[in-house]
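Novice: For reference, this is work.cif, and it has mmCIF, C-alpha atoms.
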data_protein
loop_
_atom_site.label_atom_id
_atom_site.label_comp_id
_atom_site.auth_asym_id
_atom_site.auth_seq_id
_atom_site.Cartn_x
_atom_site.Cartn_y
_atom_site.Cartn_z
CA MET A 1125 113.05 248.18 49.12
CA LYS A 1126 115.85 248.92 46.65
CA ALA A 1127 118.95 246.73 46.35
CA GLN A 1128 121.17 249.57 47.58
CA ASP A 1129 118.97 250.01 50.68
CA ILE A 1130 119.45 246.32 51.47
CA LEU A 1131 123.24 246.66 51.14
CA ASP A 1132 123.22 249.78 53.34
CA SER A 1133 121.18 248.09 56.07
CA ILE A 1134 123.47 245.01 56.05
CA SER A 1135 126.64 247.08 56.32
CA GLY A 1136 125.14 249.01 59.26
CA THR A 1137 124.27 245.85 61.22
CA LYS A 1138 126.69 244.14 63.59
CA THR A 1139 126.19 240.60 64.92
CA ASP A 1140 128.27 238.14 66.97
CA ASP A 1141 126.27 235.17 65.71
CA PRO A 1142 128.45 233.46 63.04
CA ARG A 1143 125.39 232.03 61.27
CA MET A 1144 123.74 235.43 61.03
CA ALA A 1145 127.02 236.95 59.88
CA GLN A 1146 127.28 234.31 57.15
CA ALA A 1147 123.67 234.93 56.06
CA ALA A 1148 124.29 238.70 55.99
CA GLY A 1149 127.43 238.16 53.89
CA LEU A 1150 125.55 235.97 51.43
CA LEU A 1151 122.66 238.44 51.24
CA ALA A 1152 125.11 241.24 50.44
CA GLU A 1153 126.79 239.07 47.78
CA TYR A 1154 123.46 238.13 46.13
CA THR A 1155 122.31 241.75 46.21
CA LYS A 1156 125.51 242.91 44.49
CA GLU A 1157 125.15 240.22 41.82
CA PHE A 1158 121.52 241.25 41.29
CA GLN A 1159 122.52 244.90 41.00
CA ALA A 1160 125.16 243.94 38.43
CA GLY A 1161 122.53 242.06 36.40
CA ARG A 1162 124.14 238.66 36.84
CA LEU A 1163 121.07 237.35 38.73
CA SER A 1164 117.48 237.70 37.57
CA SER A 1165 114.82 238.99 39.94
CA GLU A 1166 113.32 235.48 40.36
CA GLU A 1167 116.73 233.91 40.97
CA TYR A 1168 117.59 236.58 43.54
CA GLN A 1169 114.28 236.08 45.38
CA GLU A 1170 114.79 232.31 45.47
CA LEU A 1171 118.32 232.61 46.85
CA VAL A 1172 117.17 235.00 49.57
CA ALA A 1173 114.35 232.57 50.50
CA ASP A 1174 116.95 229.78 50.66
CA LEU A 1175 118.77 231.71 53.39
CA GLN A 1176 115.68 231.28 55.58
CA VAL A 1177 115.47 227.58 54.68
CA GLU A 1178 119.14 227.16 55.62
CA ASN A 1179 118.46 228.84 58.93
CA LEU A 1180 115.66 226.35 59.56
CA ILE A 1181 118.06 223.48 58.73
CA TYR A 1182 120.54 224.87 61.29
CA ALA A 1183 117.77 224.92 63.93
CA GLN A 1184 116.65 221.37 63.07
CA CYS A 1185 120.28 220.16 63.24
CA ASP A 1186 120.58 221.75 66.70
CA ASP A 1187 117.43 219.88 67.82
CA LEU A 1188 118.81 216.55 66.64
CA ALA A 1189 122.23 217.24 68.21
CA ALA A 1190 120.54 218.01 71.55
CA LYS A 1191 118.64 214.72 71.35
CA GLU A 1192 121.89 212.87 70.64
CA ARG A 1193 123.55 214.47 73.70
CA LEU A 1194 120.60 213.45 75.86
CA ASN A 1195 120.80 209.92 74.45
CA SER A 1196 124.49 209.74 75.45
CA ILE A 1197 123.64 210.86 78.99
CA CYS A 1198 120.88 208.23 79.25
CA SER A 1199 123.23 205.51 78.03
CA ALA A 1200 125.94 206.59 80.48
CA VAL A 1201 123.48 206.58 83.41
CA LEU A 1202 122.20 203.14 82.40
CA SER A 1203 125.74 201.76 82.15
CA ALA A 1204 126.61 203.20 85.56
CA ALA A 1205 123.41 201.82 87.06
CA SER A 1206 124.01 198.31 85.68
CA LEU A 1207 127.63 198.46 86.89
CA LEU A 1208 126.48 199.42 90.38
CA SER A 1209 123.80 196.72 90.45
CA SER A 1210 126.36 194.06 89.49
CA VAL A 1211 128.66 195.01 92.39
CA MET B 291 115.90 199.80 85.38
CA ARG B 292 115.59 201.74 82.10
CA ILE B 293 112.54 203.64 83.28
CA LEU B 294 114.35 204.57 86.49
CA ALA B 295 117.39 205.74 84.52
CA ILE B 296 115.19 207.87 82.24
CA LEU B 297 113.52 209.45 85.28
CA MET B 298 116.95 210.11 86.80
CA VAL B 299 118.23 211.77 83.61
CA SER B 300 115.06 213.88 83.42
CA LEU B 301 115.77 215.17 86.92
CA LEU B 302 119.51 215.63 86.35
CA THR B 303 119.23 217.48 83.04
CA GLY B 304 116.28 219.58 84.18
CA CYS B 305 114.33 218.36 81.18
CA SER B 306 110.75 219.56 81.48
CA THR B 307 109.19 216.33 80.29
CA VAL B 308 110.03 212.70 80.78
CA GLN B 309 108.74 212.28 77.23
CA GLY B 310 111.68 214.32 75.91
CA VAL B 311 114.22 212.05 77.59
CA TRP B 312 112.23 208.98 76.56
CA ASP B 313 112.25 210.13 72.92
CA ALA B 314 115.99 210.81 73.07
CA TYR B 315 116.76 207.44 74.61
CA PHE B 316 114.72 205.50 72.05
CA MET B 317 115.59 207.70 69.04
CA ALA B 318 116.42 206.01 65.70
CA LYS B 319 120.02 204.85 65.65
CA PHE B 320 122.69 205.63 63.06
CA ASP B 321 121.59 204.40 59.65
CA VAL B 322 124.23 203.83 56.99
CA ASN B 323 121.75 204.37 54.12
CA GLU B 324 120.62 207.74 55.44
CA TYR B 325 124.26 208.75 55.82
CA GLN B 326 124.99 207.63 52.29
CA TYR B 327 122.09 209.65 50.84
CA ILE B 328 123.25 212.89 52.43
CA THR B 329 126.89 212.19 51.50
CA ARG B 330 125.88 211.71 47.85
CA ILE B 331 123.93 214.99 47.85
CA ARG B 332 126.92 216.87 49.27
CA THR B 333 129.33 215.21 46.80
CA HIS B 334 127.21 216.04 43.76
CA ALA B 335 126.88 219.65 44.92
CA GLN B 336 130.69 219.81 45.01
CA LEU B 337 131.11 218.12 41.62
CA GLY B 338 128.40 220.19 39.95
CA THR B 339 129.76 223.62 40.96
CA PRO B 340 132.60 223.83 38.39
CA LYS B 341 130.14 222.79 35.65
CA CYS B 342 127.78 225.74 36.21
CA GLY B 343 127.09 227.53 32.94
CA THR B 344 127.53 224.33 30.87
CA ASP B 345 125.03 221.64 29.83
CA ALA B 346 126.94 219.07 31.90
CA VAL B 347 125.59 220.59 35.11
CA VAL B 348 122.07 219.22 34.48
CA GLU B 349 122.99 215.64 35.41
CA HIS B 350 124.16 216.80 38.87
CA VAL B 351 121.03 218.92 39.42
CA LYS B 352 118.83 215.97 38.45
CA TYR B 353 120.83 213.55 40.61
CA ILE B 354 120.55 215.80 43.68
CA HIS B 355 116.80 216.18 43.07
CA VAL B 356 116.28 212.40 42.92
CA VAL B 357 118.53 211.49 45.86
CA SER B 358 117.07 214.16 48.17
CA GLN B 359 113.59 212.84 47.38
CA GLU B 360 114.82 209.28 48.08
CA TYR B 361 116.37 210.40 51.37
CA LYS B 362 113.08 212.03 52.40
CA ASN B 363 111.02 208.94 51.54
CA TYR B 364 113.52 206.62 53.21
CA ALA B 365 113.69 208.63 56.46
CA GLU B 366 109.92 209.07 56.69
CA MET B 367 108.96 205.52 57.63
CA ILE B 368 111.73 204.76 60.11
CA PRO B 369 110.20 204.76 63.61
CA ARG B 370 111.37 207.55 65.97
CA ASN B 371 113.20 209.28 63.11
CA GLU B 372 111.16 212.51 62.94
CA ASN B 373 114.18 214.82 63.20
CA SER B 374 115.94 213.25 60.24
CA PHE B 375 112.75 213.30 58.18
CA GLN B 376 112.25 217.00 58.99
CA LEU B 377 115.79 217.74 57.79
CA ALA B 378 115.27 215.77 54.56
CA ASN B 379 111.96 217.53 53.99
CA THR B 380 113.44 221.00 54.52
CA LEU B 381 116.39 220.24 52.24
CA THR B 382 114.03 219.38 49.38
CA ASN B 383 112.75 222.98 49.51
CA ILE B 384 116.16 224.04 48.17
CA THR B 385 116.72 221.13 45.77
CA ASP B 386 113.23 221.10 44.20
CA ASP B 387 113.35 224.76 43.16
CA PHE B 388 116.80 224.21 41.69
CA TYR B 389 115.58 221.29 39.58
CA LYS B 390 112.42 223.14 38.45
CA ARG B 391 114.50 226.06 37.19
CA TYR B 392 116.42 223.70 34.91
CA GLN B 393 113.13 222.42 33.45
CA GLY B 394 112.39 225.79 31.82
CA ASP B 395 113.39 226.97 28.34
CA LYS B 396 115.96 229.46 29.60
CA ALA B 397 119.00 228.12 31.44
CA PRO B 398 119.59 229.72 34.85
CA SER B 399 122.58 232.02 35.34
CA ALA B 400 125.96 230.65 36.42
CA VAL B 401 125.88 232.86 39.55
CA TYR B 402 122.53 231.36 40.59
CA CYS B 403 123.79 227.84 39.86
CA LYS B 404 126.93 228.28 42.01
CA ALA B 405 124.96 229.88 44.84
CA LYS B 406 122.42 227.03 44.86
CA PHE B 407 125.12 224.34 44.87
CA ALA B 408 126.87 226.19 47.72
CA ALA B 409 123.60 226.35 49.74
CA ILE B 410 123.00 222.62 49.15
CA GLU B 411 126.58 221.78 50.10
CA ARG B 412 126.47 223.82 53.33
CA SER B 413 123.12 222.30 54.32
CA ALA B 414 124.18 218.75 53.44
CA GLU B 415 127.40 219.16 55.43
CA ASN B 416 125.49 220.23 58.53
CA ILE B 417 122.98 217.41 58.14
CA GLN B 418 125.78 214.90 57.57
CA ARG B 419 127.44 216.00 60.81
CA VAL B 420 124.32 215.33 62.95
CA ILE B 421 123.24 212.19 61.09
CA GLY B 422 126.77 210.82 61.54
CA ALA B 423 126.66 211.49 65.27
CA LYS B 424 123.49 209.45 65.85
CA PRO B 425 123.95 206.76 68.50
CA ARG B 426 125.28 203.41 67.31
#
Translate this file's structure into structure tokens.
Specialist:
Amino acid sequence: MKAQDILDSISGTKTDDPRMAQAAGLLAEYTKEFQAGRLSSEEYQELVADLQVENLIYAQCDDLAAKERLNSICSAVLSAASLLSSV
Amino acid sequence: MRILAILMVSLLTGCSTVQGVWDAYFMAKFDVNEYQYITRIRTHAQLGTPKCGTDAVVEHVKYIHVVSQEYKNYAEMIPRNENSFQLANTLTNITDDFYKRYQGDKAPSAVYCKAKFAAIERSAENIQRVIGAKPR
């Protein structure tokens, strides 16, 4: 795939997901820099691969945040239960 | 009492397994050292960005490489801390490549350097947010 094809496919894609929109914006930016010769082929490939790694970090952060929410619920239920048992 | 509460939360939240609620309840608590590691990584990504294209940037790249490895090793052995270890491990995918590129004869481009620091800063900020919200 040529750099211009990548830019064309990004500009033709619409998404409501802010993370995907950010990744698409970065991909377009990297592709333009590569086209202009300010990024080598290896550097460009690494930066594009990093976008996938960042996406994985977002997913892992979501997992941890969900666990933290569940922990808060458990603590609240326990507090309520101990309050009730003391009455 | 605790077991009953965990069962109750499993039912209330519609969680498919009691194990999931159990893991969440007994998850590793907020750890000031972990938080400090990720804060240092984010700070050095910020400080290194304006130095891209100069020799002075190398100290920040090296520092981030060392601290992210430390964070990974530190998080690994804390019981019930798998999520934090996963995050540290994934982050080193970005930081290791960055460091390796500065080990070569040819210095990387300033555009690459700024983009890498930005990726590290974004990732570290997100990790910092969830690590900071761990239960006390």
Novice: Quick one: which residues end up in the PyMOL selection byres ((chain B) within 8 of (chain A)) for this structure, as JSON, numbers by chain?
Specialist: {"B": [291, 292, 295, 296, 299, 311, 314, 315, 316, 317, 373, 374, 376, 377, 380, 381, 383, 384, 398, 399, 401, 402, 405, 406, 409, 413, 416, 417, 420, 423, 424, 425]}
Novice: For CA of Lys1126 (chain A) and CA of Tyr392 (chain B), quote the distance in Å rounded to one decimal.
Specialist: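 Here the two named atoms are 27.8 Å from each other.
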Novice: Once the PyMOL selection byres ((chain B and resi 349) around 12) has been applied to the shown file, what residues remain in the selection, as a list of chain:residue names?
Specialist: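 When the PyMOL selection byres ((chain B and resi 349) around 12) is applied, the selected residues are B:His334, B:Ala335, B:Leu337, B:Gly338, B:Thr339, B:Lys341, B:Cys342, B:Thr344, B:Asp345, B:Ala346, B:Val347, B:Val348, B:His350, B:Val351, B:Lys352, B:Tyr353, B:Ile354, B:His355, B:Val356, B:Tyr389, B:Tyr392.
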Novice: Let me make sure I understand: among B:Thr333, B:Lys390, B:Asp313, B:Asn323, which one has the smallest atom-to-atom distance to Glu415 (chain B) if we use only C-alpha atoms?
Specialist: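 Smallest distance to Glu415 (chain B) is found for B:Thr333.
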Novice: Kindly provide, as AutoDock Vina command-line options, the centre and edge lengths (Å, one decimal) of an axis-aligned box around all atoms of region 1157-1166 of chain A given in the file, with 3 Å on each side.
Specialist:
--center_x 119.2 --center_y 240.2 --center_z 39.1 --size_x 17.8 --size_y 15.4 --size_z 11.4
Novice: Which residues would end up in the selection if the PyMOL selection byres ((chain B and resi 326) around 12) were applied here, given that I need the answer as a list of chain:residue names?
Specialist: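 Selection result, ordered by chain and number: B:Phe320, B:Asp321, B:Val322, B:Asn323, B:Glu324, B:Tyr325, B:Tyr327, B:Ile328, B:Thr329, B:Arg330, B:Ile331, B:Arg332, B:Thr333, B:Val357, B:Ser358, B:Glu360, B:Tyr361, B:Tyr364, B:Ala414, B:Ile417, B:Gln418, B:Ile421, B:Gly422.
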Novice: Between CA of Asp386 (chain B) and CA of Pro369 (chain B), measure the distance and give it in Å to one decimal.
Specialist: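 Taking CA of Asp386 (chain B) and CA of Pro369 (chain B), their separation equals 25.6 Å.
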Novice: Using CA of Ala1152 (chain A) and CA of Glu1166 (chain A) as the two end points, give the distance in Å to one decimal.
Specialist: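 Calculated distance between CA of Ala1152 (chain A) and CA of Glu1166 (chain A) is 16.5 Å.
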Novice: Taking the block above, write region 1146-1160 of chain A with N, CA and C atoms as an mmCIF file, in the first residue's frame.
Specialist:
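Result file is out.cif:
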data_model
loop_
_atom_site.group_PDB
_atom_site.id
_atom_site.type_symbol
_atom_site.label_atom_id
_atom_site.label_comp_id
_atom_site.auth_asym_id
_atom_site.auth_seq_id
_atom_site.Cartn_x
_atom_site.Cartn_y
_atom_site.Cartn_z
ATOM 1 N N GLN A 1146 -8.280 9.744 17.190
ATOM 2 C CA GLN A 1146 -6.917 10.187 17.536
ATOM 3 C C GLN A 1146 -5.877 9.348 16.789
ATOM 4 N N ALA A 1147 -6.108 8.013 16.783
ATOM 5 C CA ALA A 1147 -5.174 7.110 16.093
ATOM 6 C C ALA A 1147 -5.141 7.420 14.594
ATOM 7 N N ALA A 1148 -6.321 7.694 14.027
ATOM 8 C CA ALA A 1148 -6.387 8.005 12.586
ATOM 9 C C ALA A 1148 -5.640 9.308 12.298
ATOM 10 N N GLY A 1149 -5.802 10.291 13.186
ATOM 11 C CA GLY A 1149 -5.106 11.573 13.033
ATOM 12 C C GLY A 1149 -3.602 11.398 13.087
ATOM 13 N N LEU A 1150 -3.148 10.575 14.031
ATOM 14 C CA LEU A 1150 -1.705 10.328 14.174
ATOM 15 C C LEU A 1150 -1.162 9.569 12.968
ATOM 16 N N LEU A 1151 -1.948 8.586 12.502
ATOM 17 C CA LEU A 1151 -1.520 7.807 11.330
ATOM 18 C C LEU A 1151 -1.363 8.721 10.115
ATOM 19 N N ALA A 1152 -2.317 9.646 9.956
ATOM 20 C CA ALA A 1152 -2.242 10.590 8.829
ATOM 21 C C ALA A 1152 -0.997 11.483 8.971
ATOM 22 N N GLU A 1153 -0.747 11.921 10.199
ATOM 23 C CA GLU A 1153 0.416 12.797 10.464
ATOM 24 C C GLU A 1153 1.726 12.063 10.148
ATOM 25 N N TYR A 1154 1.835 10.821 10.642
ATOM 26 C CA TYR A 1154 3.061 10.034 10.406
ATOM 27 C C TYR A 1154 3.255 9.788 8.905
ATOM 28 N N THR A 1155 2.130 9.493 8.236
ATOM 29 C CA THR A 1155 2.215 9.184 6.801
ATOM 30 C C THR A 1155 2.695 10.409 6.018
ATOM 31 N N LYS A 1156 2.194 11.585 6.412
ATOM 32 C CA LYS A 1156 2.629 12.828 5.739
ATOM 33 C C LYS A 1156 4.123 13.084 5.981
ATOM 34 N N GLU A 1157 4.559 12.851 7.211
ATOM 35 C CA GLU A 1157 5.981 13.058 7.540
ATOM 36 C C GLU A 1157 6.857 12.065 6.770
ATOM 37 N N PHE A 1158 6.356 10.848 6.610
ATOM 38 C CA PHE A 1158 7.090 9.820 5.857
ATOM 39 C C PHE A 1158 7.183 10.216 4.381
ATOM 40 N N GLN A 1159 6.055 10.693 3.853
ATOM 41 C CA GLN A 1159 6.021 11.137 2.455
ATOM 42 C C GLN A 1159 7.007 12.280 2.220
ATOM 43 N N ALA A 1160 7.105 13.162 3.230
ATOM 44 C CA ALA A 1160 7.990 14.329 3.106
ATOM 45 C C ALA A 1160 9.454 13.965 3.344
#
